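Dumped model.cif below, it's mmCIF, N, CA and C atoms:
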data_work
#
loop_
_atom_site.label_atom_id
_atom_site.label_comp_id
_atom_site.auth_asym_id
_atom_site.auth_seq_id
_atom_site.Cartn_x
_atom_site.Cartn_y
_atom_site.Cartn_z
N GLN Y 253 -14.60 -25.87 18.26
CA GLN Y 253 -16.00 -25.71 18.55
C GLN Y 253 -16.18 -25.35 20.02
N ILE Y 254 -17.06 -24.41 20.27
CA ILE Y 254 -17.38 -24.01 21.64
C ILE Y 254 -18.29 -25.09 22.23
N PRO Y 255 -17.94 -25.63 23.39
CA PRO Y 255 -18.77 -26.67 23.99
C PRO Y 255 -20.12 -26.13 24.48
N ALA Y 256 -21.12 -26.97 24.48
CA ALA Y 256 -22.44 -26.60 25.00
C ALA Y 256 -22.33 -26.29 26.49
N ASN Y 257 -23.21 -25.44 26.97
CA ASN Y 257 -23.28 -25.05 28.39
C ASN Y 257 -21.97 -24.47 28.91
N SER Y 258 -21.41 -23.55 28.14
CA SER Y 258 -20.11 -22.95 28.49
C SER Y 258 -20.19 -21.43 28.57
N PHE Y 259 -19.42 -20.88 29.49
CA PHE Y 259 -19.19 -19.45 29.57
C PHE Y 259 -17.84 -19.19 28.92
N VAL Y 260 -17.84 -18.49 27.78
CA VAL Y 260 -16.61 -18.22 27.04
C VAL Y 260 -16.14 -16.81 27.36
N SER Y 261 -14.88 -16.72 27.83
CA SER Y 261 -14.32 -15.40 28.12
C SER Y 261 -13.44 -14.89 26.99
N ALA Y 262 -12.93 -15.80 26.15
CA ALA Y 262 -12.09 -15.40 25.01
C ALA Y 262 -11.95 -16.58 24.06
N ALA Y 263 -11.55 -16.27 22.84
CA ALA Y 263 -11.19 -17.29 21.85
C ALA Y 263 -9.96 -16.75 21.12
N SER Y 264 -8.79 -17.06 21.64
CA SER Y 264 -7.56 -16.53 21.05
C SER Y 264 -7.19 -17.29 19.79
N ALA Y 265 -6.50 -16.61 18.89
CA ALA Y 265 -6.12 -17.20 17.61
C ALA Y 265 -4.65 -16.89 17.31
N LEU Y 266 -3.92 -17.91 16.87
CA LEU Y 266 -2.52 -17.79 16.49
C LEU Y 266 -2.35 -18.28 15.07
N VAL Y 267 -1.83 -17.43 14.19
CA VAL Y 267 -1.58 -17.84 12.80
C VAL Y 267 -0.30 -18.67 12.78
N THR Y 268 -0.43 -19.96 12.46
CA THR Y 268 0.72 -20.88 12.46
C THR Y 268 1.29 -21.08 11.06
N VAL Y 269 0.48 -20.84 10.03
CA VAL Y 269 0.93 -20.85 8.63
C VAL Y 269 0.21 -19.67 7.96
N ALA Y 270 0.96 -18.77 7.36
CA ALA Y 270 0.38 -17.57 6.74
C ALA Y 270 -0.71 -17.95 5.73
N ILE Y 271 -1.75 -17.12 5.68
CA ILE Y 271 -2.87 -17.35 4.76
C ILE Y 271 -2.59 -16.59 3.47
N PRO Y 272 -2.47 -17.29 2.33
CA PRO Y 272 -2.11 -16.63 1.07
C PRO Y 272 -3.23 -15.74 0.51
N THR Y 273 -2.87 -14.65 -0.10
CA THR Y 273 -3.72 -13.70 -0.81
C THR Y 273 -4.48 -12.76 0.12
N ALA Y 274 -5.16 -13.27 1.14
CA ALA Y 274 -5.90 -12.40 2.06
C ALA Y 274 -4.91 -11.55 2.86
N THR Y 275 -5.37 -10.41 3.37
CA THR Y 275 -4.51 -9.57 4.20
C THR Y 275 -4.94 -9.62 5.66
N THR Y 276 -6.23 -9.83 5.90
CA THR Y 276 -6.76 -9.93 7.26
C THR Y 276 -7.88 -10.95 7.29
N PHE Y 277 -8.31 -11.30 8.51
CA PHE Y 277 -9.50 -12.12 8.66
C PHE Y 277 -10.23 -11.73 9.94
N ASP Y 278 -11.53 -12.02 9.96
CA ASP Y 278 -12.36 -11.87 11.14
C ASP Y 278 -12.69 -13.27 11.62
N TYR Y 279 -12.98 -13.42 12.91
CA TYR Y 279 -13.46 -14.70 13.38
C TYR Y 279 -14.45 -14.52 14.51
N GLY Y 280 -15.44 -15.39 14.49
CA GLY Y 280 -16.52 -15.33 15.46
C GLY Y 280 -17.44 -16.51 15.26
N ILE Y 281 -18.75 -16.24 15.26
CA ILE Y 281 -19.74 -17.30 15.06
C ILE Y 281 -20.74 -16.84 14.01
N VAL Y 282 -21.61 -17.73 13.56
CA VAL Y 282 -22.65 -17.37 12.60
C VAL Y 282 -23.48 -16.24 13.21
N GLY Y 283 -23.70 -15.19 12.45
CA GLY Y 283 -24.47 -14.05 12.92
C GLY Y 283 -23.65 -13.00 13.65
N ALA Y 284 -22.42 -13.32 14.00
CA ALA Y 284 -21.52 -12.38 14.68
C ALA Y 284 -20.10 -12.75 14.26
N THR Y 285 -19.79 -12.54 12.99
CA THR Y 285 -18.55 -13.05 12.40
C THR Y 285 -17.27 -12.43 12.94
N ALA Y 286 -17.37 -11.30 13.64
CA ALA Y 286 -16.17 -10.68 14.21
C ALA Y 286 -16.26 -10.62 15.74
N ARG Y 287 -17.01 -11.54 16.33
CA ARG Y 287 -17.21 -11.52 17.79
C ARG Y 287 -15.90 -11.62 18.56
N TYR Y 288 -14.95 -12.41 18.07
CA TYR Y 288 -13.70 -12.62 18.81
C TYR Y 288 -12.48 -11.96 18.19
N GLY Y 289 -12.52 -11.65 16.90
CA GLY Y 289 -11.39 -11.00 16.25
C GLY Y 289 -11.83 -10.27 14.99
N ALA Y 290 -11.30 -9.09 14.77
CA ALA Y 290 -11.63 -8.30 13.58
C ALA Y 290 -10.35 -7.76 12.96
N SER Y 291 -10.25 -7.89 11.65
CA SER Y 291 -9.09 -7.39 10.90
C SER Y 291 -7.77 -7.92 11.46
N VAL Y 292 -7.74 -9.21 11.76
CA VAL Y 292 -6.53 -9.86 12.27
C VAL Y 292 -5.58 -10.12 11.10
N SER Y 293 -4.32 -9.79 11.25
CA SER Y 293 -3.32 -10.00 10.20
C SER Y 293 -3.15 -11.49 9.90
N VAL Y 294 -2.95 -11.82 8.63
CA VAL Y 294 -2.76 -13.22 8.22
C VAL Y 294 -1.30 -13.67 8.30
N ASN Y 295 -0.41 -12.79 8.75
CA ASN Y 295 1.02 -13.10 8.80
C ASN Y 295 1.35 -14.15 9.86
N LEU Y 296 2.32 -14.96 9.56
CA LEU Y 296 2.81 -15.98 10.48
C LEU Y 296 3.14 -15.37 11.84
N GLY Y 297 2.66 -16.00 12.91
CA GLY Y 297 2.96 -15.55 14.25
C GLY Y 297 2.00 -14.53 14.84
N THR Y 298 1.05 -14.06 14.04
CA THR Y 298 0.08 -13.10 14.57
C THR Y 298 -0.75 -13.76 15.66
N LEU Y 299 -0.91 -13.07 16.78
CA LEU Y 299 -1.71 -13.58 17.90
C LEU Y 299 -2.81 -12.58 18.21
N ALA Y 300 -4.05 -13.05 18.15
CA ALA Y 300 -5.21 -12.22 18.51
C ALA Y 300 -5.75 -12.74 19.84
N PRO Y 301 -5.93 -11.87 20.83
CA PRO Y 301 -6.36 -12.33 22.15
C PRO Y 301 -7.80 -12.85 22.20
N GLY Y 302 -8.65 -12.40 21.27
CA GLY Y 302 -10.01 -12.91 21.22
C GLY Y 302 -10.89 -12.45 22.36
N THR Y 303 -10.67 -11.23 22.82
CA THR Y 303 -11.41 -10.71 23.97
C THR Y 303 -12.33 -9.54 23.60
N ILE Y 304 -12.62 -9.36 22.35
CA ILE Y 304 -13.43 -8.22 21.89
C ILE Y 304 -14.80 -8.17 22.56
N ASP Y 305 -15.45 -9.31 22.70
CA ASP Y 305 -16.86 -9.34 23.09
C ASP Y 305 -17.13 -9.50 24.58
N GLY Y 306 -16.18 -9.94 25.35
CA GLY Y 306 -16.44 -10.21 26.77
C GLY Y 306 -17.03 -11.60 26.96
N THR Y 307 -17.40 -11.93 28.18
CA THR Y 307 -17.91 -13.27 28.50
C THR Y 307 -19.33 -13.47 27.99
N ARG Y 308 -19.55 -14.65 27.39
CA ARG Y 308 -20.87 -15.04 26.88
C ARG Y 308 -21.17 -16.47 27.24
N TYR Y 309 -22.45 -16.76 27.40
CA TYR Y 309 -22.91 -18.13 27.67
C TYR Y 309 -23.44 -18.76 26.39
N TYR Y 310 -23.05 -20.00 26.11
CA TYR Y 310 -23.54 -20.77 24.97
C TYR Y 310 -24.23 -22.03 25.49
N SER Y 311 -25.52 -22.15 25.21
CA SER Y 311 -26.27 -23.32 25.67
C SER Y 311 -26.07 -24.52 24.76
N THR Y 312 -25.71 -24.27 23.50
CA THR Y 312 -25.46 -25.35 22.54
C THR Y 312 -24.04 -25.24 21.99
N ALA Y 313 -23.51 -26.35 21.51
CA ALA Y 313 -22.18 -26.33 20.88
C ALA Y 313 -22.24 -25.38 19.68
N THR Y 314 -21.21 -24.56 19.53
CA THR Y 314 -21.21 -23.52 18.50
C THR Y 314 -19.86 -23.49 17.79
N ALA Y 315 -19.90 -23.48 16.46
CA ALA Y 315 -18.67 -23.48 15.66
C ALA Y 315 -18.08 -22.07 15.56
N ILE Y 316 -16.76 -22.01 15.55
CA ILE Y 316 -16.03 -20.76 15.27
C ILE Y 316 -15.92 -20.66 13.75
N ARG Y 317 -16.20 -19.47 13.21
CA ARG Y 317 -16.14 -19.23 11.76
C ARG Y 317 -15.08 -18.19 11.43
N PHE Y 318 -14.40 -18.39 10.30
CA PHE Y 318 -13.38 -17.46 9.83
C PHE Y 318 -13.86 -16.80 8.54
N THR Y 319 -13.64 -15.49 8.42
CA THR Y 319 -14.00 -14.75 7.23
C THR Y 319 -12.77 -13.98 6.76
N PRO Y 320 -12.09 -14.45 5.68
CA PRO Y 320 -10.91 -13.73 5.17
C PRO Y 320 -11.31 -12.48 4.41
N SER Y 321 -10.39 -11.52 4.33
CA SER Y 321 -10.65 -10.27 3.61
C SER Y 321 -10.80 -10.48 2.11
N SER Y 322 -10.21 -11.56 1.60
CA SER Y 322 -10.38 -11.94 0.19
C SER Y 322 -10.19 -13.45 0.10
N THR Y 323 -10.60 -14.02 -1.01
CA THR Y 323 -10.50 -15.47 -1.17
C THR Y 323 -9.04 -15.91 -1.18
N PRO Y 324 -8.64 -16.79 -0.26
CA PRO Y 324 -7.25 -17.25 -0.25
C PRO Y 324 -6.88 -17.96 -1.57
N ALA Y 325 -5.62 -17.80 -1.98
CA ALA Y 325 -5.14 -18.41 -3.22
C ALA Y 325 -5.08 -19.93 -3.11
N ALA Y 326 -4.89 -20.43 -1.89
CA ALA Y 326 -4.79 -21.88 -1.67
C ALA Y 326 -5.26 -22.17 -0.24
N ASN Y 327 -5.61 -23.42 -0.01
CA ASN Y 327 -6.06 -23.85 1.31
C ASN Y 327 -4.86 -24.29 2.14
N THR Y 328 -3.90 -23.39 2.32
CA THR Y 328 -2.67 -23.76 3.02
C THR Y 328 -2.47 -23.02 4.34
N GLY Y 329 -3.21 -21.93 4.56
CA GLY Y 329 -3.08 -21.17 5.80
C GLY Y 329 -3.65 -21.96 6.97
N ARG Y 330 -3.09 -21.72 8.17
CA ARG Y 330 -3.55 -22.42 9.37
C ARG Y 330 -3.61 -21.45 10.54
N VAL Y 331 -4.69 -21.58 11.33
CA VAL Y 331 -4.88 -20.76 12.52
C VAL Y 331 -5.24 -21.70 13.67
N LEU Y 332 -4.53 -21.58 14.76
CA LEU Y 332 -4.79 -22.36 15.97
C LEU Y 332 -5.68 -21.51 16.88
N VAL Y 333 -6.84 -22.03 17.23
CA VAL Y 333 -7.77 -21.31 18.10
C VAL Y 333 -7.82 -22.00 19.46
N THR Y 334 -7.73 -21.21 20.52
CA THR Y 334 -7.88 -21.72 21.88
C THR Y 334 -9.09 -21.05 22.48
N ILE Y 335 -10.08 -21.84 22.87
CA ILE Y 335 -11.30 -21.32 23.47
C ILE Y 335 -11.13 -21.34 24.98
N HIS Y 336 -11.26 -20.19 25.60
CA HIS Y 336 -11.10 -20.04 27.04
C HIS Y 336 -12.51 -20.03 27.65
N TYR Y 337 -12.86 -21.11 28.34
CA TYR Y 337 -14.24 -21.24 28.82
C TYR Y 337 -14.31 -21.94 30.17
N ARG Y 338 -15.46 -21.77 30.79
CA ARG Y 338 -15.81 -22.53 32.00
C ARG Y 338 -17.12 -23.24 31.72
N LYS Y 339 -17.20 -24.47 32.10
CA LYS Y 339 -18.39 -25.28 31.87
C LYS Y 339 -19.40 -25.01 32.98
N ALA Y 340 -20.65 -24.77 32.60
CA ALA Y 340 -21.72 -24.61 33.59
C ALA Y 340 -22.23 -25.99 33.97
N SER Y 341 -22.42 -26.20 35.25
CA SER Y 341 -22.87 -27.53 35.68
C SER Y 341 -24.33 -27.52 36.10
#

Please go through the file and, once you have read it, give me the structure as structure tokens.
Amino acid sequence: QIPANSFVSAASALVTVAIPTATTFDYGIVGATARYGASVSVNLGTLAPGTIDGTRYYSTATAIRFTPSSTPAANTGRVLVTIHYRKAS
């Protein structure tokens, strides 16, 4: 989750367990589902830098959302997300 009152410069994603059935995924926030990554491969070890959108300010805590290209066969895939941000004081 993106912390409230933060300037986010990137949200990188690393696939740590391959996502079954889907071939790609997008990730972002509600209303901008590909803000940080678009058509990212679901293969193990894929790293997306999460710099598509540039720096943004979030006044409230905001969840990162994932949208797979198709419904995964099982809930076994895993993606590690690192949010790169600075807190506004």

Exercise. May I have all residues of chain Y that DSSP, computed from the backbone, assigns to strand (DSSP E or B), given as a ChimeraX atom specification?
Key: /Y:254,258-269,276-281,284-293,299-300,308-310,314,317-320,330-339

Quiz item: So which residues are close to (-4.1, -7.1, 9.1), meaning at most 7 Å away in the file's coordinates with all atoms listed in the file counted, and can you show them as a ChimeraX atom specification?
Solution: /Y:275-277,291-295

Quiz item: When you draw a straight line from atom C of Phe318 of chain Y to atom C of Val260 of chain Y, how long is it in Å?
Solution: 19.0 Å

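Going from atom N of Ala326 of chain Y to atom CA of Gly280 of chain Y covers 21.5 Å.
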
Practice problem: Identify which of the residues Y:Val267, Y:Ala274, Y:Ala262, Y:Val333 lies closest to Gly306 of chain Y, counting only N, CA and C atoms when measuring atom-to-atom distances. | Solution: Y:Ala262

Quiz prompt | Gap from atom C of Leu266 of chain Y to atom N of Ala300 of chain Y - Å, one decimal | solution = 6.3 Å

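Closest approach to Ile304 of chain Y among Y:Ile316, Y:Ala325, Y:Ala290, Y:Ala256: Y:Ala290, based on all atoms listed in the file.
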